[in-house]
file work17.pdb (PDB, C-alpha atoms and all ligand atoms)
ATOM      1  CA  MET C   1     -47.879 -25.507 -16.705
ATOM      2  CA  GLU C   2     -45.531 -23.386 -14.640
ATOM      3  CA  PHE C   3     -46.657 -21.217 -11.728
ATOM      4  CA  THR C   4     -43.479 -20.919  -9.664
ATOM      5  CA  GLY C   5     -43.681 -17.833  -7.465
ATOM      6  CA  LYS C   6     -47.261 -17.037  -8.487
ATOM      7  CA  ARG C   7     -49.662 -15.982  -5.736
ATOM      8  CA  VAL C   8     -53.118 -17.480  -6.195
ATOM      9  CA  LEU C   9     -56.419 -17.033  -4.324
ATOM     10  CA  VAL C  10     -59.119 -19.634  -5.001
ATOM     11  CA  THR C  11     -62.495 -18.903  -3.408
ATOM     12  CA  GLY C  12     -64.545 -21.950  -2.426
ATOM     13  CA  SER C  13     -61.427 -24.125  -2.277
ATOM     14  CA  SER C  14     -62.238 -26.035   0.901
ATOM     15  CA  ARG C  15     -63.478 -28.800  -1.427
ATOM     16  CA  GLY C  16     -64.649 -29.613  -4.940
ATOM     17  CA  ILE C  17     -63.537 -27.847  -8.110
ATOM     18  CA  GLY C  18     -61.889 -25.035  -6.146
ATOM     19  CA  GLN C  19     -59.747 -27.469  -4.200
ATOM     20  CA  ALA C  20     -58.823 -29.383  -7.370
ATOM     21  CA  ALA C  21     -57.750 -26.113  -9.020
ATOM     22  CA  ALA C  22     -55.747 -25.143  -5.933
ATOM     23  CA  LYS C  23     -53.895 -28.483  -6.131
ATOM     24  CA  VAL C  24     -52.991 -27.945  -9.797
ATOM     25  CA  PHE C  25     -51.548 -24.501  -8.980
ATOM     26  CA  LEU C  26     -49.752 -25.828  -5.889
ATOM     27  CA  ASP C  27     -48.209 -28.761  -7.754
ATOM     28  CA  ALA C  28     -46.975 -26.333 -10.435
ATOM     29  CA  GLY C  29     -45.096 -24.160  -7.911
ATOM     30  CA  ALA C  30     -47.638 -21.547  -6.822
ATOM     31  CA  ARG C  31     -48.433 -20.327  -3.318
ATOM     32  CA  VAL C  32     -52.169 -20.641  -2.796
ATOM     33  CA  ALA C  33     -54.745 -19.072  -0.459
ATOM     34  CA  ILE C  34     -57.506 -21.522   0.448
ATOM     35  CA  ASN C  35     -60.953 -20.079   1.161
ATOM     36  CA  GLY C  36     -63.819 -21.601   3.070
ATOM     37  CA  ARG C  37     -66.654 -19.854   4.887
ATOM     38  CA  SER C  38     -65.399 -20.914   8.336
ATOM     39  CA  GLU C  39     -61.910 -21.191   9.820
ATOM     40  CA  ALA C  40     -62.509 -24.920  10.185
ATOM     41  CA  SER C  41     -63.377 -25.411   6.500
ATOM     42  CA  SER C  42     -60.447 -23.280   5.288
ATOM     43  CA  GLN C  43     -58.069 -25.239   7.530
ATOM     44  CA  ALA C  44     -59.575 -28.536   6.375
ATOM     45  CA  GLY C  45     -58.886 -27.436   2.799
ATOM     46  CA  VAL C  46     -55.287 -26.552   3.652
ATOM     47  CA  GLU C  47     -54.788 -29.903   5.367
ATOM     48  CA  ALA C  48     -56.402 -31.849   2.520
ATOM     49  CA  LEU C  49     -53.712 -30.376   0.267
ATOM     50  CA  GLY C  50     -50.929 -31.417   2.633
ATOM     51  CA  GLY C  51     -50.345 -28.149   4.529
ATOM     52  CA  GLY C  52     -46.938 -26.450   4.376
ATOM     53  CA  ASP C  53     -45.595 -22.964   3.701
ATOM     54  CA  ASP C  54     -47.110 -22.643   0.231
ATOM     55  CA  LEU C  55     -50.677 -22.783   1.554
ATOM     56  CA  VAL C  56     -52.489 -20.139   3.598
ATOM     57  CA  ALA C  57     -56.070 -19.945   4.854
ATOM     58  CA  ALA C  58     -58.225 -16.983   3.793
ATOM     59  CA  THR C  59     -61.558 -17.477   5.516
ATOM     60  CA  GLY C  60     -64.704 -15.571   4.625
ATOM     61  CA  ASP C  61     -68.121 -15.491   3.007
ATOM     62  CA  VAL C  62     -68.141 -14.259  -0.600
ATOM     63  CA  SER C  63     -71.831 -13.356  -0.471
ATOM     64  CA  THR C  64     -71.083  -9.989   1.148
ATOM     65  CA  ILE C  65     -68.782  -7.163   0.067
ATOM     66  CA  THR C  66     -67.240  -7.206   3.546
ATOM     67  CA  GLY C  67     -66.521 -10.906   3.156
ATOM     68  CA  CYS C  68     -64.928 -10.472  -0.281
ATOM     69  CA  LYS C  69     -62.711  -7.644   0.984
ATOM     70  CA  ALA C  70     -61.637  -9.676   4.020
ATOM     71  CA  ILE C  71     -60.777 -12.785   1.975
ATOM     72  CA  VAL C  72     -58.696 -10.813  -0.527
ATOM     73  CA  ALA C  73     -56.991  -8.741   2.198
ATOM     74  CA  VAL C  74     -55.924 -11.821   4.161
ATOM     75  CA  ALA C  75     -54.739 -13.654   1.037
ATOM     76  CA  ALA C  76     -52.780 -10.682  -0.339
ATOM     77  CA  GLU C  77     -51.198  -9.974   3.051
ATOM     78  CA  ALA C  78     -50.162 -13.594   3.573
ATOM     79  CA  LEU C  79     -48.917 -14.124   0.018
ATOM     80  CA  GLY C  80     -47.359 -10.668  -0.449
ATOM     81  CA  GLY C  81     -49.711  -9.736  -3.302
ATOM     82  CA  LEU C  82     -51.888 -11.539  -5.802
ATOM     83  CA  ASP C  83     -51.287 -12.738  -9.366
ATOM     84  CA  ILE C  84     -54.342 -14.930  -9.951
ATOM     85  CA  LEU C  85     -57.905 -14.893  -8.601
ATOM     86  CA  VAL C  86     -60.131 -17.923  -9.174
ATOM     87  CA  ASN C  87     -63.788 -17.481  -8.200
ATOM     88  CA  SER C  88     -65.062 -21.003  -7.556
ATOM     89  CA  ALA C  89     -67.315 -20.481  -4.508
ATOM     90  CA  GLY C  90     -70.826 -21.376  -5.553
ATOM     91  CA  VAL C  91     -74.160 -22.889  -4.609
ATOM     92  CA  GLY C  92     -76.808 -24.615  -6.707
ATOM     93  CA  ASP C  93     -80.120 -26.250  -5.845
ATOM     94  CA  PHE C  94     -82.613 -27.991  -8.113
ATOM     95  CA  VAL C  95     -85.950 -26.286  -7.360
ATOM     96  CA  PRO C  96     -88.868 -25.787  -9.778
ATOM     97  CA  PHE C  97     -89.277 -22.177 -10.915
ATOM     98  CA  GLY C  98     -92.694 -21.822  -9.235
ATOM     99  CA  GLU C  99     -91.266 -22.929  -5.892
ATOM    100  CA  THR C 100     -88.163 -20.755  -5.980
ATOM    101  CA  GLY C 101     -88.535 -18.257  -3.151
ATOM    102  CA  GLU C 102     -86.738 -15.060  -2.322
ATOM    103  CA  ALA C 103     -84.272 -16.710   0.071
ATOM    104  CA  LEU C 104     -83.057 -19.222  -2.537
ATOM    105  CA  TRP C 105     -82.901 -16.533  -5.236
ATOM    106  CA  ASP C 106     -80.921 -14.174  -2.962
ATOM    107  CA  ASP C 107     -78.518 -16.886  -1.795
ATOM    108  CA  THR C 108     -77.862 -18.121  -5.335
ATOM    109  CA  ILE C 109     -77.303 -14.652  -6.776
ATOM    110  CA  ASP C 110     -75.356 -13.393  -3.746
ATOM    111  CA  VAL C 111     -72.859 -16.264  -3.687
ATOM    112  CA  ASN C 112     -72.500 -16.986  -7.401
ATOM    113  CA  LEU C 113     -72.831 -13.574  -9.043
ATOM    114  CA  LYS C 114     -72.441 -10.855  -6.419
ATOM    115  CA  GLY C 115     -69.588 -12.793  -4.786
ATOM    116  CA  THR C 116     -67.748 -13.103  -8.096
ATOM    117  CA  PHE C 117     -68.310  -9.413  -8.879
ATOM    118  CA  PHE C 118     -67.047  -8.106  -5.553
ATOM    119  CA  ALA C 119     -64.172 -10.567  -5.181
ATOM    120  CA  CYS C 120     -62.933  -9.304  -8.569
ATOM    121  CA  GLN C 121     -63.362  -5.709  -7.381
ATOM    122  CA  ALA C 122     -61.539  -6.372  -4.094
ATOM    123  CA  ALA C 123     -58.656  -8.035  -5.957
ATOM    124  CA  LEU C 124     -58.394  -5.300  -8.592
ATOM    125  CA  PRO C 125     -55.618  -3.168  -7.019
ATOM    126  CA  HIS C 126     -53.454  -6.260  -6.461
ATOM    127  CA  LEU C 127     -54.051  -7.620  -9.964
ATOM    128  CA  ARG C 128     -53.311  -4.216 -11.529
ATOM    129  CA  THR C 129     -49.967  -4.175  -9.714
ATOM    130  CA  SER C 130     -49.069  -7.722 -10.780
ATOM    131  CA  LYS C 131     -50.723  -7.523 -14.240
ATOM    132  CA  GLY C 132     -52.454 -10.704 -13.159
ATOM    133  CA  ASN C 133     -55.598 -12.454 -14.253
ATOM    134  CA  ILE C 134     -58.985 -13.785 -13.150
ATOM    135  CA  VAL C 135     -60.707 -17.097 -13.869
ATOM    136  CA  ASN C 136     -64.379 -17.344 -12.907
ATOM    137  CA  VAL C 137     -66.150 -20.680 -12.541
ATOM    138  CA  ALA C 138     -69.406 -20.284 -14.461
ATOM    139  CA  SER C 139     -71.298 -23.329 -15.793
ATOM    140  CA  ASP C 140     -72.867 -24.882 -18.870
ATOM    141  CA  ALA C 141     -76.012 -23.605 -17.125
ATOM    142  CA  GLY C 142     -74.704 -20.105 -17.829
ATOM    143  CA  LEU C 143     -74.798 -20.820 -21.572
ATOM    144  CA  ILE C 144     -78.023 -22.831 -21.946
ATOM    145  CA  GLY C 145     -81.152 -23.226 -19.835
ATOM    146  CA  GLU C 146     -81.742 -26.151 -17.497
ATOM    147  CA  ILE C 147     -85.090 -27.214 -16.008
ATOM    148  CA  GLY C 148     -85.222 -26.767 -12.231
ATOM    149  CA  LEU C 149     -82.207 -24.465 -12.143
ATOM    150  CA  SER C 150     -83.660 -21.081 -13.118
ATOM    151  CA  ALA C 151     -81.984 -19.051 -10.344
ATOM    152  CA  TYR C 152     -78.687 -20.887 -10.876
ATOM    153  CA  CYS C 153     -78.884 -20.331 -14.651
ATOM    154  CA  ALA C 154     -79.546 -16.622 -14.083
ATOM    155  CA  SER C 155     -76.538 -16.378 -11.769
ATOM    156  CA  LYS C 156     -74.171 -18.265 -14.078
ATOM    157  CA  GLY C 157     -75.351 -16.458 -17.206
ATOM    158  CA  GLY C 158     -74.496 -13.328 -15.272
ATOM    159  CA  VAL C 159     -71.019 -14.669 -14.514
ATOM    160  CA  VAL C 160     -70.380 -15.411 -18.210
ATOM    161  CA  VAL C 161     -71.276 -11.893 -19.373
ATOM    162  CA  LEU C 162     -69.632 -10.277 -16.340
ATOM    163  CA  THR C 163     -66.457 -12.093 -17.403
ATOM    164  CA  LYS C 164     -66.681 -10.591 -20.888
ATOM    165  CA  ALA C 165     -67.462  -7.089 -19.563
ATOM    166  CA  LEU C 166     -64.469  -7.187 -17.203
ATOM    167  CA  ALA C 167     -62.225  -8.602 -19.944
ATOM    168  CA  LEU C 168     -62.931  -5.430 -21.940
ATOM    169  CA  GLU C 169     -62.789  -2.995 -19.043
ATOM    170  CA  LEU C 170     -59.619  -4.359 -17.413
ATOM    171  CA  ALA C 171     -57.631  -4.928 -20.629
ATOM    172  CA  PRO C 172     -54.821  -4.698 -21.480
ATOM    173  CA  ASP C 173     -53.416  -5.211 -17.974
ATOM    174  CA  ILE C 174     -55.679  -7.939 -16.575
ATOM    175  CA  ARG C 175     -57.073 -10.950 -18.454
ATOM    176  CA  VAL C 176     -60.487 -12.261 -17.366
ATOM    177  CA  ASN C 177     -61.875 -15.639 -18.450
ATOM    178  CA  CYS C 178     -64.315 -18.244 -17.207
ATOM    179  CA  VAL C 179     -64.851 -21.992 -17.411
ATOM    180  CA  CYS C 180     -68.271 -23.509 -18.087
ATOM    181  CA  PRO C 181     -68.251 -27.055 -16.712
ATOM    182  CA  GLY C 182     -70.981 -29.612 -17.248
ATOM    183  CA  TYR C 183     -71.733 -32.017 -14.374
ATOM    184  CA  VAL C 184     -68.668 -32.574 -12.177
ATOM    185  CA  ASP C 185     -68.291 -35.218  -9.464
ATOM    186  CA  THR C 186     -68.288 -32.972  -6.373
ATOM    187  CA  ASP C 187     -70.471 -32.625  -3.277
ATOM    188  CA  MET C 188     -72.753 -30.242  -5.202
ATOM    189  CA  VAL C 189     -73.695 -33.018  -7.630
ATOM    190  CA  ARG C 190     -73.210 -36.258  -5.666
ATOM    191  CA  ARG C 191     -73.867 -35.551  -1.979
ATOM    192  CA  ASP C 192     -76.497 -32.855  -2.568
ATOM    193  CA  GLY C 193     -77.976 -34.284  -5.783
ATOM    194  CA  ILE C 194     -77.510 -37.923  -6.778
ATOM    195  CA  ASP C 195     -77.424 -39.285  -3.205
ATOM    196  CA  LYS C 196     -80.658 -37.479  -2.255
ATOM    197  CA  ALA C 197     -82.638 -38.704  -5.273
ATOM    198  CA  ASP C 198     -85.371 -41.339  -4.834
ATOM    199  CA  ASP C 199     -83.387 -43.552  -7.210
ATOM    200  CA  PRO C 200     -79.698 -42.517  -7.007
ATOM    201  CA  VAL C 201     -78.597 -45.008  -9.672
ATOM    202  CA  ALA C 202     -81.102 -43.635 -12.176
ATOM    203  CA  ALA C 203     -80.240 -40.058 -11.186
ATOM    204  CA  GLU C 204     -76.542 -40.657 -11.827
ATOM    205  CA  GLN C 205     -77.280 -42.351 -15.155
ATOM    206  CA  ALA C 206     -79.403 -39.367 -16.240
ATOM    207  CA  LEU C 207     -76.488 -37.016 -15.595
ATOM    208  CA  ILE C 208     -74.107 -39.341 -17.444
ATOM    209  CA  ASP C 209     -76.485 -39.546 -20.405
ATOM    210  CA  SER C 210     -76.912 -35.767 -20.585
ATOM    211  CA  ALA C 211     -73.373 -35.398 -21.968
ATOM    212  CA  PRO C 212     -72.532 -36.662 -25.472
ATOM    213  CA  LEU C 213     -69.233 -37.996 -24.040
ATOM    214  CA  LYS C 214     -71.349 -40.046 -21.573
ATOM    215  CA  ARG C 215     -69.772 -39.365 -18.229
ATOM    216  CA  ILE C 216     -69.515 -36.892 -15.357
ATOM    217  CA  ALA C 217     -66.333 -34.799 -15.253
ATOM    218  CA  LYS C 218     -63.641 -35.192 -12.611
ATOM    219  CA  PRO C 219     -62.823 -32.064 -10.558
ATOM    220  CA  ARG C 220     -59.184 -32.197 -11.674
ATOM    221  CA  GLU C 221     -60.231 -31.862 -15.334
ATOM    222  CA  ILE C 222     -61.860 -28.534 -14.514
ATOM    223  CA  GLY C 223     -58.922 -27.535 -12.311
ATOM    224  CA  ARG C 224     -56.499 -28.041 -15.199
ATOM    225  CA  ALA C 225     -58.650 -25.964 -17.555
ATOM    226  CA  ILE C 226     -58.755 -23.178 -14.948
ATOM    227  CA  ALA C 227     -54.979 -23.342 -14.643
ATOM    228  CA  TYR C 228     -54.584 -23.212 -18.427
ATOM    229  CA  LEU C 229     -56.612 -19.995 -18.635
ATOM    230  CA  ALA C 230     -54.568 -18.512 -15.774
ATOM    231  CA  SER C 231     -51.238 -19.554 -17.302
ATOM    232  CA  ASP C 232     -48.884 -17.826 -19.710
ATOM    233  CA  ASP C 233     -49.986 -20.383 -22.324
ATOM    234  CA  ALA C 234     -53.229 -18.370 -22.497
ATOM    235  CA  VAL C 235     -51.509 -14.981 -22.637
ATOM    236  CA  PHE C 236     -53.661 -13.818 -25.619
ATOM    237  CA  VAL C 237     -56.925 -15.271 -24.253
ATOM    238  CA  THR C 238     -59.382 -12.949 -22.528
ATOM    239  CA  GLY C 239     -63.187 -12.771 -22.354
ATOM    240  CA  GLU C 240     -63.372 -16.508 -23.123
ATOM    241  CA  ALA C 241     -66.073 -18.824 -21.731
ATOM    242  CA  LEU C 242     -64.421 -22.248 -22.056
ATOM    243  CA  SER C 243     -66.858 -25.163 -22.138
ATOM    244  CA  ILE C 244     -65.694 -28.359 -20.426
ATOM    245  CA  ASP C 245     -68.959 -30.254 -20.638
ATOM    246  CA  GLY C 246     -68.473 -33.385 -22.762
ATOM    247  CA  GLY C 247     -70.389 -31.684 -25.570
ATOM    248  CA  THR C 248     -73.546 -30.815 -23.637
ATOM    249  CA  THR C 249     -73.788 -27.282 -25.056
ATOM    250  CA  SER C 250     -72.797 -28.246 -28.617
ATOM    251  CA  GLY C 251     -76.368 -28.539 -29.882
ATOM    252  CA  ARG C 252     -78.954 -31.194 -30.708
ATOM    253  CA  GLY C 253     -77.990 -34.651 -31.929
TER     254      GLY C 253
HETATM  255  N1  LIG N   1     -70.254 -29.675  -9.715
HETATM  256  C1  LIG N   1     -70.754 -29.327 -10.882
HETATM  257  O1  LIG N   1     -71.361 -30.123 -11.611
HETATM  258  C2  LIG N   1     -70.568 -27.917 -11.387
HETATM  259  C3  LIG N   1     -70.858 -27.662 -12.737
HETATM  260  C4  LIG N   1     -70.690 -26.384 -13.241
HETATM  261  C5  LIG N   1     -70.255 -25.381 -12.398
HETATM  262  N2  LIG N   1     -70.010 -25.634 -11.090
HETATM  263  C6  LIG N   1     -69.539 -24.531 -10.249
HETATM  264  O2  LIG N   1     -68.281 -24.851  -9.727
HETATM  265  C7  LIG N   1     -68.075 -24.133  -8.527
HETATM  266  C8  LIG N   1     -67.597 -25.098  -7.456
HETATM  267  O3  LIG N   1     -68.651 -26.037  -7.202
HETATM  268  P1  LIG N   1     -68.350 -27.520  -6.701
HETATM  269  O4  LIG N   1     -68.973 -28.428  -7.647
HETATM  270  O5  LIG N   1     -66.908 -27.643  -6.368
HETATM  271  O6  LIG N   1     -69.267 -27.524  -5.393
HETATM  272  P2  LIG N   1     -68.943 -27.872  -3.883
HETATM  273  O7  LIG N   1     -70.261 -27.748  -3.209
HETATM  274  O8  LIG N   1     -68.173 -29.122  -3.768
HETATM  275  O9  LIG N   1     -67.978 -26.680  -3.441
HETATM  276  C9  LIG N   1     -68.454 -25.372  -3.355
HETATM  277  C10 LIG N   1     -67.438 -24.557  -2.598
HETATM  278  O10 LIG N   1     -67.933 -23.213  -2.473
HETATM  279  C11 LIG N   1     -67.866 -22.834  -1.111
HETATM  280  N3  LIG N   1     -68.872 -21.820  -0.809
HETATM  281  C12 LIG N   1     -70.216 -21.905  -0.949
HETATM  282  N4  LIG N   1     -70.782 -20.762  -0.546
HETATM  283  C13 LIG N   1     -69.763 -19.937  -0.153
HETATM  284  C14 LIG N   1     -69.700 -18.626   0.372
HETATM  285  N5  LIG N   1     -70.810 -17.926   0.588
HETATM  286  N6  LIG N   1     -68.487 -18.104   0.645
HETATM  287  C15 LIG N   1     -67.346 -18.814   0.457
HETATM  288  N7  LIG N   1     -67.357 -20.074  -0.028
HETATM  289  C16 LIG N   1     -68.546 -20.611  -0.327
HETATM  290  C17 LIG N   1     -68.076 -24.145  -0.333
HETATM  291  O11 LIG N   1     -67.651 -24.022   0.983
HETATM  292  C18 LIG N   1     -67.218 -25.072  -1.183
HETATM  293  O12 LIG N   1     -65.861 -24.944  -0.853
HETATM  294  C19 LIG N   1     -69.403 -23.463  -8.195
HETATM  295  O13 LIG N   1     -69.348 -22.113  -8.583
HETATM  296  C20 LIG N   1     -70.395 -24.232  -9.048
HETATM  297  O14 LIG N   1     -71.523 -23.469  -9.349
HETATM  298  C21 LIG N   1     -70.144 -26.886 -10.559
END

call {"tool": "encode", "arguments": {"input": "work17.pdb", "output": "structure tokens"}}
result
Amino acid sequence: MEFTGKRVLVTGSSRGIGQAAAKVFLDAGARVAINGRSEASSQAGVEALGGGDDLVAATGDVSTITGCKAIVAVAAEALGGLDILVNSAGVGDFVPFGETGEALWDDTIDVNLKGTFFACQAALPHLRTSKGNIVNVASDAGLIGEIGLSAYCASKGGVVVLTKALALELAPDIRVNCVCPGYVDTDMVRRDGIDKADDPVAAEQALIDSAPLKRIAKPREIGRAIAYLASDDAVFVTGEALSIDGGTTSGRG
């Protein structure tokens, strides 16, 4: 894939899937804005990717409209415009439905759904000018239900249909797609999930067994799928929710 000269903003790229996507774009010639909630996390993301002139920091919190506007403004100013927006910032906690309180609901919806919505809106003038495109990071949990993830499922289901609504409304100038990963080996799954379980080995095996292809995805695999959707190879693809889940959402065996 070829992204020479392309200007890319990836939210939530201080680590995880966002950082893996940023590396794919960077290695293919793009200039990339790295977003974390704090200056320190944005800078850590820039440094993890080797620093240099093709990386800029665009710090801010996507859970507020002010934050989304600030992130996009800094990225567009530093890069001289914007061709591609990737919305990867996200949170997810396993909590039973009956114990899910207002704070968890608000945080999950505000970061995952509201943040995606208003980052797209903030980037709109730049993407109209460049005839660029958007890739949202949804989830397999946006396509099927998952026990203990009701707020997360609601947020990611919202991202999937938001993607389709924007694909219609912003066509023909701006393409809008999303990826729907299954379990991916990032902090969200390992540090905050597997490692905190009473039996981490069993917890990891359960995640492995949940996918017909019997493993957890690597962040780079999702990053490459994001880059595909953002690339000219996908020039006739819009409104797509691309599953990268080892078959998890294919149906019953
Ligand atoms: N890891 C998985 O199994 C998996 C599966 C499907 C979808 N996803 C989605 O992929 C995306 C990336 O997750 P990850 O696995 O890389 O997790 P991660 O926890 O490693 O990274 C999440 C990133 O989002 C950032 N972030 C969180 N809240 C933010 C906010 N308010 N403002 C700005 N940045 C914020 C974090 O700083 C971090 O950079 C998320 O949207 C997540 O829901 C992850």

call {"tool": "atom_distance", "arguments": {"input": "work17.pdb", "atom1": "CA of Gln43 (chain C)", "atom2": "CA of Leu113 (chain C)"}}
result
25.1 Å

call {"tool": "closest_atom_pairs", "arguments": {"input": "work17.pdb", "of": "chain C", "to": "ligand LIG 1 (chain N)", "cutoff": "8 Å", "atoms": "only C-alpha atoms and all ligand atoms", "output": "Markdown table"}}
result
| residue | atom | partner | partner_atom | distance |
| --- | --- | --- | --- | --- |
| C:Thr11 | CA | N:LIG1 | N7 | 6.0 |
| C:Gly12 | CA | N:LIG1 | O10 | 3.6 |
| C:Ser13 | CA | N:LIG1 | O12 | 4.7 |
| C:Ser14 | CA | N:LIG1 | O12 | 4.2 |
| C:Arg15 | CA | N:LIG1 | O12 | 4.6 |
| C:Gly16 | CA | N:LIG1 | O5 | 3.3 |
| C:Ile17 | CA | N:LIG1 | O5 | 3.8 |
| C:Gly18 | CA | N:LIG1 | O5 | 5.7 |
| C:Gln19 | CA | N:LIG1 | O12 | 7.4 |
| C:Asn35 | CA | N:LIG1 | N7 | 6.5 |
| C:Gly36 | CA | N:LIG1 | N7 | 4.9 |
| C:Arg37 | CA | N:LIG1 | C15 | 4.6 |
| C:Ser41 | CA | N:LIG1 | O11 | 7.1 |
| C:Thr59 | CA | N:LIG1 | C15 | 7.8 |
| C:Gly60 | CA | N:LIG1 | C15 | 5.9 |
| C:Asp61 | CA | N:LIG1 | N6 | 3.5 |
| C:Val62 | CA | N:LIG1 | N6 | 4.1 |
| C:Ser63 | CA | N:LIG1 | N5 | 4.8 |
| C:Thr64 | CA | N:LIG1 | N5 | 8.0 |
| C:Gly67 | CA | N:LIG1 | N6 | 7.9 |
| C:Asn87 | CA | N:LIG1 | O13 | 7.2 |
| C:Ser88 | CA | N:LIG1 | C7 | 4.5 |
| C:Ala89 | CA | N:LIG1 | O10 | 3.5 |
| C:Gly90 | CA | N:LIG1 | O13 | 3.5 |
| C:Val91 | CA | N:LIG1 | O14 | 5.5 |
| C:Gly92 | CA | N:LIG1 | O14 | 6.0 |
| C:Asp110 | CA | N:LIG1 | N5 | 7.7 |
| C:Val111 | CA | N:LIG1 | N5 | 5.0 |
| C:Asn112 | CA | N:LIG1 | O13 | 6.1 |
| C:Gly115 | CA | N:LIG1 | N5 | 7.5 |
| C:Val137 | CA | N:LIG1 | O13 | 5.3 |
| C:Ala138 | CA | N:LIG1 | C5 | 5.6 |
| C:Ser139 | CA | N:LIG1 | C4 | 4.0 |
| C:Asp140 | CA | N:LIG1 | C4 | 6.2 |
| C:Ala141 | CA | N:LIG1 | C4 | 7.2 |
| C:Tyr152 | CA | N:LIG1 | O14 | 7.8 |
| C:Lys156 | CA | N:LIG1 | O14 | 7.5 |
| C:Cys180 | CA | N:LIG1 | C4 | 6.1 |
| C:Pro181 | CA | N:LIG1 | C4 | 4.3 |
| C:Gly182 | CA | N:LIG1 | C3 | 4.9 |
| C:Tyr183 | CA | N:LIG1 | O1 | 3.4 |
| C:Val184 | CA | N:LIG1 | O1 | 3.7 |
| C:Asp185 | CA | N:LIG1 | N1 | 5.9 |
| C:Thr186 | CA | N:LIG1 | O8 | 4.6 |
| C:Asp187 | CA | N:LIG1 | O8 | 4.2 |
| C:Met188 | CA | N:LIG1 | O7 | 4.0 |
| C:Val189 | CA | N:LIG1 | N1 | 5.2 |
| C:Ile216 | CA | N:LIG1 | O1 | 8.0 |
| C:Ala217 | CA | N:LIG1 | O1 | 7.8 |
| C:Pro219 | CA | N:LIG1 | O5 | 7.3 |

call {"tool": "write_last_selection", "arguments": {"input": "work17.pdb", "atoms": "C-alpha atoms", "output": "short mmCIF file (atom, residue, chain, number, x, y, z; two decimals), in the coordinates of the input"}}
result
data_model
loop_
_atom_site.label_atom_id
_atom_site.label_comp_id
_atom_site.auth_asym_id
_atom_site.auth_seq_id
_atom_site.Cartn_x
_atom_site.Cartn_y
_atom_site.Cartn_z
CA THR C 11 -62.50 -18.90 -3.41
CA GLY C 12 -64.54 -21.95 -2.43
CA SER C 13 -61.43 -24.12 -2.28
CA SER C 14 -62.24 -26.04 0.90
CA ARG C 15 -63.48 -28.80 -1.43
CA GLY C 16 -64.65 -29.61 -4.94
CA ILE C 17 -63.54 -27.85 -8.11
CA GLY C 18 -61.89 -25.04 -6.15
CA GLN C 19 -59.75 -27.47 -4.20
CA ASN C 35 -60.95 -20.08 1.16
CA GLY C 36 -63.82 -21.60 3.07
CA ARG C 37 -66.65 -19.85 4.89
CA SER C 41 -63.38 -25.41 6.50
CA THR C 59 -61.56 -17.48 5.52
CA GLY C 60 -64.70 -15.57 4.62
CA ASP C 61 -68.12 -15.49 3.01
CA VAL C 62 -68.14 -14.26 -0.60
CA SER C 63 -71.83 -13.36 -0.47
CA THR C 64 -71.08 -9.99 1.15
CA GLY C 67 -66.52 -10.91 3.16
CA ASN C 87 -63.79 -17.48 -8.20
CA SER C 88 -65.06 -21.00 -7.56
CA ALA C 89 -67.32 -20.48 -4.51
CA GLY C 90 -70.83 -21.38 -5.55
CA VAL C 91 -74.16 -22.89 -4.61
CA GLY C 92 -76.81 -24.62 -6.71
CA ASP C 110 -75.36 -13.39 -3.75
CA VAL C 111 -72.86 -16.26 -3.69
CA ASN C 112 -72.50 -16.99 -7.40
CA GLY C 115 -69.59 -12.79 -4.79
CA VAL C 137 -66.15 -20.68 -12.54
CA ALA C 138 -69.41 -20.28 -14.46
CA SER C 139 -71.30 -23.33 -15.79
CA ASP C 140 -72.87 -24.88 -18.87
CA ALA C 141 -76.01 -23.60 -17.12
CA TYR C 152 -78.69 -20.89 -10.88
CA LYS C 156 -74.17 -18.26 -14.08
CA CYS C 180 -68.27 -23.51 -18.09
CA PRO C 181 -68.25 -27.06 -16.71
CA GLY C 182 -70.98 -29.61 -17.25
CA TYR C 183 -71.73 -32.02 -14.37
CA VAL C 184 -68.67 -32.57 -12.18
CA ASP C 185 -68.29 -35.22 -9.46
CA THR C 186 -68.29 -32.97 -6.37
CA ASP C 187 -70.47 -32.62 -3.28
CA MET C 188 -72.75 -30.24 -5.20
CA VAL C 189 -73.69 -33.02 -7.63
CA ILE C 216 -69.52 -36.89 -15.36
CA ALA C 217 -66.33 -34.80 -15.25
CA PRO C 219 -62.82 -32.06 -10.56
#

call {"tool": "resolve_selection", "arguments": {"input": "work17.pdb", "expression": "the PyMOL selection byres (((chain C and resi 30) around 12) and not hetatm)", "output": "JSON, numbers by chain"}}
result
{"C": [1, 2, 3, 4, 5, 6, 7, 8, 9, 10, 21, 22, 23, 24, 25, 26, 27, 28, 29, 31, 32, 33, 53, 54, 55, 56, 79, 82, 83, 84, 227, 230, 231]}

call {"tool": "residues_around", "arguments": {"input": "work17.pdb", "residues": "region 97-99 of chain C", "least_positions_apart": "2", "cutoff": "12 Å", "atoms": "all atoms listed in the file", "output": "list in words"}}
result
Asp93, Phe94, Val95, Gly101, Glu102, Ala103, Leu104, Trp105, Glu146, Ile147, Gly148, Leu149, Ser150, Ala151, Tyr152, Cys153 and Ala154 of chain C

call {"tool": "residues_near_point", "arguments": {"input": "work17.pdb", "point": "(-59.9, -15.1, -17.6)", "cutoff": "9 Å", "atoms": "only C-alpha atoms", "output": "number ranges by chain"}}
result
C: 86, 133-136, 163-164, 167, 174-179, 226, 229-230, 234, 237-241

call {"tool": "resolve_selection", "arguments": {"input": "work17.pdb", "expression": "the PyMOL selection byres (((chain C and resi 124) around 12) and not hetatm)", "output": "JSON, numbers by chain"}}
result
{"C": [68, 69, 72, 73, 76, 81, 82, 83, 84, 85, 117, 118, 119, 120, 121, 122, 123, 125, 126, 127, 128, 129, 130, 131, 132, 133, 134, 166, 169, 170, 173, 174, 175, 176]}

call {"tool": "closest_residue", "arguments": {"input": "work17.pdb", "among": "C:Gly253, C:Gly223, C:Gly193, C:Gly51", "to": "Ile34 (chain C)", "atoms": "only C-alpha atoms"}}
result
C:Gly51
